[in-house]
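What follows is a set of notes on a single structure, which appears directly below.
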Amino acid sequence: MGLFSKKIEIKSPIKGKLVDITDVKDEAFSSKALGDGMAIIPEEGKIYSPVDGEVITTVDTNHAIGLSSKGVEILIHIGMDTVKLGGRYFKSYVNEGDKVKTGTLLIEFDKEEVEKEYDITSPIIIPNFSELKSLNKTEHRNVSTNDVIMTIVK
């Protein structure tokens, strides 16, 4: 690492099974058009902050949230096409501008209800990955919210 490089660990925001971003059944994510990262098939309907940082984006439907930590952007998108639910089954606990710590509960969703209508595979992507020196992904497949899933060098 260079003199001014920073290493940032991204923990899993969701307990579940990790899948490669290229295996997500949505072209915008699998092609990395929105950013590089990983995805998780959730075991429960709770999304926690994977970093100490700030909430930079919330949406009315509460199916996605954007965070920033030390210049790294993190987008957590719950499920595929879940925007079509119009916010049904989702509850957010934070607002844009809020400072959060690793492990802060961000969003809860009714996993069973969402899963009836949509694929709940949830991408965790780094939209500004092209600005980073490296993005290393864990090999572990079953993760808890305390597990590091990506290590970034900025």
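Simple scheme: letters A, B, ... for chains in structure tokens order, numbers from 1 for residues in each chain, numbers from 1 for ligands in the order shown.
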- Might you pull out every residue within 10 Å of region 58-69 of chain A, with only C-alpha atoms counted and same-chain residues fewer than 2 positions away left off, and present them as a PyMOL selection string? chain A and resi 8-10+47+49-56+71-100+106-109+122-127
Would you export the selected residues with N, CA and C atoms as a compact mmCIF listing (two decimals), in the first residue's frame, please?
```txt
# COMPACT_ATOMS: atom_id res chain seq x y z
N ILE A 8 -10.28 -0.15 3.74
CA ILE A 8 -11.62 -0.05 4.29
C ILE A 8 -12.29 -1.42 4.21
N GLU A 9 -12.81 -1.88 5.34
CA GLU A 9 -13.49 -3.16 5.37
C GLU A 9 -15.00 -2.94 5.32
N ILE A 10 -15.64 -3.68 4.43
CA ILE A 10 -17.09 -3.63 4.31
C ILE A 10 -17.62 -4.93 4.91
N ILE A 47 -31.43 -5.17 7.53
CA ILE A 47 -30.26 -4.62 6.86
C ILE A 47 -29.54 -3.72 7.86
N SER A 49 -25.88 -1.43 8.87
CA SER A 49 -24.79 -0.68 8.24
C SER A 49 -23.52 -1.53 8.21
N PRO A 50 -22.91 -1.64 7.02
CA PRO A 50 -21.68 -2.43 6.90
C PRO A 50 -20.42 -1.64 7.26
N VAL A 51 -20.60 -0.34 7.57
CA VAL A 51 -19.47 0.56 7.84
C VAL A 51 -19.86 1.65 8.83
N ASP A 52 -18.85 2.33 9.36
CA ASP A 52 -19.08 3.60 10.05
C ASP A 52 -19.11 4.63 8.93
N GLY A 53 -20.17 5.39 8.84
CA GLY A 53 -20.24 6.36 7.75
C GLY A 53 -21.47 7.22 7.82
N GLU A 54 -21.95 7.63 6.64
CA GLU A 54 -23.08 8.52 6.53
C GLU A 54 -24.07 7.98 5.51
N VAL A 55 -25.36 8.16 5.79
CA VAL A 55 -26.40 7.80 4.83
C VAL A 55 -26.43 8.91 3.78
N ILE A 56 -26.16 8.56 2.51
CA ILE A 56 -26.14 9.58 1.46
C ILE A 56 -27.35 9.49 0.53
N GLY A 71 -14.83 8.09 1.68
CA GLY A 71 -14.76 8.26 0.24
C GLY A 71 -15.21 7.07 -0.57
N VAL A 72 -15.66 6.01 0.10
CA VAL A 72 -16.18 4.83 -0.61
C VAL A 72 -17.70 4.87 -0.52
N GLU A 73 -18.35 4.72 -1.68
CA GLU A 73 -19.80 4.67 -1.72
C GLU A 73 -20.26 3.22 -1.69
N ILE A 74 -21.34 2.97 -0.96
CA ILE A 74 -21.89 1.62 -0.85
C ILE A 74 -23.39 1.70 -1.11
N LEU A 75 -23.86 0.93 -2.08
CA LEU A 75 -25.28 0.86 -2.37
C LEU A 75 -25.78 -0.52 -1.98
N ILE A 76 -26.82 -0.55 -1.16
CA ILE A 76 -27.46 -1.81 -0.77
C ILE A 76 -28.85 -1.80 -1.39
N HIS A 77 -29.12 -2.78 -2.23
CA HIS A 77 -30.39 -2.86 -2.95
C HIS A 77 -31.07 -4.16 -2.54
N ILE A 78 -32.23 -4.07 -1.90
CA ILE A 78 -32.91 -5.27 -1.40
C ILE A 78 -33.76 -5.88 -2.50
N GLY A 79 -33.33 -7.03 -3.00
CA GLY A 79 -34.09 -7.76 -4.00
C GLY A 79 -34.03 -7.16 -5.40
N MET A 80 -34.68 -7.87 -6.32
CA MET A 80 -34.74 -7.46 -7.72
C MET A 80 -36.14 -6.91 -8.01
N ASP A 81 -36.21 -5.75 -8.64
CA ASP A 81 -37.48 -5.12 -9.04
C ASP A 81 -38.40 -4.80 -7.86
N THR A 82 -37.87 -4.77 -6.66
CA THR A 82 -38.70 -4.54 -5.47
C THR A 82 -39.21 -3.10 -5.38
N VAL A 83 -38.69 -2.22 -6.21
CA VAL A 83 -39.22 -0.85 -6.28
C VAL A 83 -40.72 -0.90 -6.62
N LYS A 84 -41.12 -1.93 -7.35
CA LYS A 84 -42.51 -2.08 -7.77
C LYS A 84 -43.46 -2.32 -6.60
N LEU A 85 -42.91 -2.67 -5.44
CA LEU A 85 -43.75 -2.86 -4.24
C LEU A 85 -44.19 -1.52 -3.65
N GLY A 86 -43.58 -0.44 -4.10
CA GLY A 86 -43.98 0.89 -3.63
C GLY A 86 -43.77 1.13 -2.15
N GLY A 87 -42.85 0.38 -1.55
CA GLY A 87 -42.56 0.57 -0.13
C GLY A 87 -43.28 -0.41 0.78
N ARG A 88 -44.25 -1.16 0.22
CA ARG A 88 -44.92 -2.18 1.02
C ARG A 88 -43.90 -3.17 1.55
N TYR A 89 -44.00 -3.54 2.80
CA TYR A 89 -43.13 -4.52 3.48
C TYR A 89 -41.76 -3.98 3.88
N PHE A 90 -41.49 -2.70 3.66
CA PHE A 90 -40.18 -2.12 3.99
C PHE A 90 -40.34 -1.00 5.02
N LYS A 91 -39.41 -0.94 5.98
CA LYS A 91 -39.41 0.15 6.97
C LYS A 91 -37.97 0.62 7.16
N SER A 92 -37.75 1.91 6.98
CA SER A 92 -36.42 2.49 7.16
C SER A 92 -36.31 3.12 8.54
N TYR A 93 -35.10 3.04 9.11
CA TYR A 93 -34.85 3.63 10.43
C TYR A 93 -33.90 4.82 10.36
N VAL A 94 -33.49 5.19 9.17
CA VAL A 94 -32.52 6.28 9.03
C VAL A 94 -32.95 7.24 7.91
N ASN A 95 -32.32 8.41 7.92
CA ASN A 95 -32.59 9.43 6.91
C ASN A 95 -31.28 9.88 6.27
N GLU A 96 -31.38 10.52 5.11
CA GLU A 96 -30.19 11.07 4.47
C GLU A 96 -29.51 12.03 5.44
N GLY A 97 -28.19 11.94 5.49
CA GLY A 97 -27.41 12.81 6.38
C GLY A 97 -27.12 12.20 7.73
N ASP A 98 -27.83 11.14 8.09
CA ASP A 98 -27.58 10.48 9.38
C ASP A 98 -26.19 9.85 9.40
N LYS A 99 -25.51 9.98 10.52
CA LYS A 99 -24.24 9.28 10.74
C LYS A 99 -24.60 7.92 11.33
N VAL A 100 -23.95 6.87 10.83
CA VAL A 100 -24.24 5.52 11.33
C VAL A 100 -22.95 4.81 11.69
N LEU A 106 -30.60 -0.35 9.63
CA LEU A 106 -30.98 0.64 8.62
C LEU A 106 -32.41 0.43 8.13
N ILE A 107 -32.70 -0.81 7.76
CA ILE A 107 -34.00 -1.13 7.14
C ILE A 107 -34.44 -2.51 7.62
N GLU A 108 -35.75 -2.65 7.82
CA GLU A 108 -36.34 -3.96 8.04
C GLU A 108 -37.32 -4.22 6.91
N PHE A 109 -37.43 -5.48 6.50
CA PHE A 109 -38.41 -5.82 5.47
C PHE A 109 -38.99 -7.20 5.77
N SER A 122 -29.90 -9.69 -2.87
CA SER A 122 -29.67 -8.27 -2.58
C SER A 122 -28.23 -7.85 -2.85
N PRO A 123 -28.01 -7.07 -3.92
CA PRO A 123 -26.66 -6.59 -4.23
C PRO A 123 -26.15 -5.57 -3.21
N ILE A 124 -24.86 -5.68 -2.92
CA ILE A 124 -24.13 -4.69 -2.13
C ILE A 124 -23.01 -4.25 -3.06
N ILE A 125 -23.16 -3.06 -3.63
CA ILE A 125 -22.20 -2.66 -4.65
C ILE A 125 -21.49 -1.36 -4.29
N ILE A 126 -20.34 -1.19 -4.93
CA ILE A 126 -19.51 0.00 -4.75
C ILE A 126 -19.60 0.79 -6.06
N PRO A 127 -20.50 1.78 -6.14
CA PRO A 127 -20.68 2.52 -7.39
C PRO A 127 -19.41 3.22 -7.88
```
- Message: Excluding Asn136 (chain A) and its own-chain neighbours fewer than 5 positions away, which residues fall within 9 Å of it when counting only C-alpha atoms? Please give them as a ChimeraX atom specification.
- Response: /A:149-153
- Query: Hey, what does DSSP flag as strand (DSSP E) within region 8-142 of chain A? Can you give it to me as number ranges by chain?
  - Reply: A: 8-11, 16-20, 36-42, 46-48, 53-58, 64-69, 72-77, 90-92, 99-100, 105-109, 122-126, 134-137, 142
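Of the residues in region 12-154 of chain A, those that DSSP places in alpha helix (DSSP H) on the basis of the backbone are Glu27, Ala28, Phe29, Ser30, Lys111, Glu112, Glu113, Val114, Glu115, Lys116 and Glu117 of chain A.
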For the selection just defined, write its residues with N, CA, C and O atoms to a file, as an mmCIF file, in the first residue's frame.
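Contents of selection-v5.cif, freshly written:
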```cif
data_model
loop_
_atom_site.group_PDB
_atom_site.id
_atom_site.type_symbol
_atom_site.label_atom_id
_atom_site.label_comp_id
_atom_site.auth_asym_id
_atom_site.auth_seq_id
_atom_site.Cartn_x
_atom_site.Cartn_y
_atom_site.Cartn_z
ATOM 1 N N GLU A 27 -29.387 -7.612 -15.257
ATOM 2 C CA GLU A 27 -28.274 -7.162 -16.094
ATOM 3 C C GLU A 27 -27.562 -5.921 -15.530
ATOM 4 O O GLU A 27 -26.347 -5.822 -15.588
ATOM 5 N N ALA A 28 -28.331 -4.991 -14.973
ATOM 6 C CA ALA A 28 -27.715 -3.765 -14.445
ATOM 7 C C ALA A 28 -26.704 -4.085 -13.350
ATOM 8 O O ALA A 28 -25.671 -3.422 -13.242
ATOM 9 N N PHE A 29 -26.995 -5.105 -12.549
ATOM 10 C CA PHE A 29 -26.075 -5.500 -11.484
ATOM 11 C C PHE A 29 -25.009 -6.472 -11.992
ATOM 12 O O PHE A 29 -23.832 -6.294 -11.739
ATOM 13 N N SER A 30 -25.435 -7.533 -12.705
ATOM 14 C CA SER A 30 -24.497 -8.583 -13.116
ATOM 15 C C SER A 30 -23.437 -8.081 -14.092
ATOM 16 O O SER A 30 -22.332 -8.582 -14.123
ATOM 17 N N LYS A 111 -39.362 -10.400 4.745
ATOM 18 C CA LYS A 111 -38.695 -11.283 3.797
ATOM 19 C C LYS A 111 -39.673 -12.239 3.124
ATOM 20 O O LYS A 111 -39.650 -12.424 1.916
ATOM 21 N N GLU A 112 -40.549 -12.845 3.912
ATOM 22 C CA GLU A 112 -41.479 -13.837 3.366
ATOM 23 C C GLU A 112 -42.431 -13.215 2.345
ATOM 24 O O GLU A 112 -42.679 -13.785 1.286
ATOM 25 N N GLU A 113 -42.953 -12.037 2.654
ATOM 26 C CA GLU A 113 -43.892 -11.375 1.730
ATOM 27 C C GLU A 113 -43.184 -10.922 0.445
ATOM 28 O O GLU A 113 -43.702 -11.110 -0.643
ATOM 29 N N VAL A 114 -42.014 -10.312 0.583
ATOM 30 C CA VAL A 114 -41.265 -9.843 -0.586
ATOM 31 C C VAL A 114 -40.897 -11.026 -1.477
ATOM 32 O O VAL A 114 -41.042 -10.976 -2.708
ATOM 33 N N GLU A 115 -40.465 -12.100 -0.836
ATOM 34 C CA GLU A 115 -40.022 -13.311 -1.531
ATOM 35 C C GLU A 115 -41.150 -13.973 -2.341
ATOM 36 O O GLU A 115 -40.892 -14.660 -3.325
ATOM 37 N N LYS A 116 -42.400 -13.759 -1.937
ATOM 38 C CA LYS A 116 -43.534 -14.319 -2.678
ATOM 39 C C LYS A 116 -43.628 -13.717 -4.076
ATOM 40 O O LYS A 116 -44.110 -14.354 -5.002
ATOM 41 N N GLU A 117 -43.175 -12.452 -4.210
ATOM 42 C CA GLU A 117 -43.340 -11.740 -5.478
ATOM 43 C C GLU A 117 -42.033 -11.514 -6.236
ATOM 44 O O GLU A 117 -42.051 -11.375 -7.458
#
```
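Reported to one decimal place, the separation of CA of Lys7 (chain A) from CA of Lys70 (chain A) is 9.5 Å.
The spacing separating CA of Lys32 (chain A) from CA of Phe129 (chain A) amounts to 9.9 Å.
Nearest to Lys25 (chain A) of all the residues A:Glu44, A:Glu139, A:Asp110, A:Asp119 is A:Asp119, counting only C-alpha atoms.
The closest residue to Ala33 (chain A), picked from A:Leu132, A:Ile14, A:Thr121, A:Ile21 and counting only C-alpha atoms, is A:Ile21.
For the pair CA of Met38 (chain A) and CA of Lys137 (chain A), the interatomic distance is 7.7 Å.
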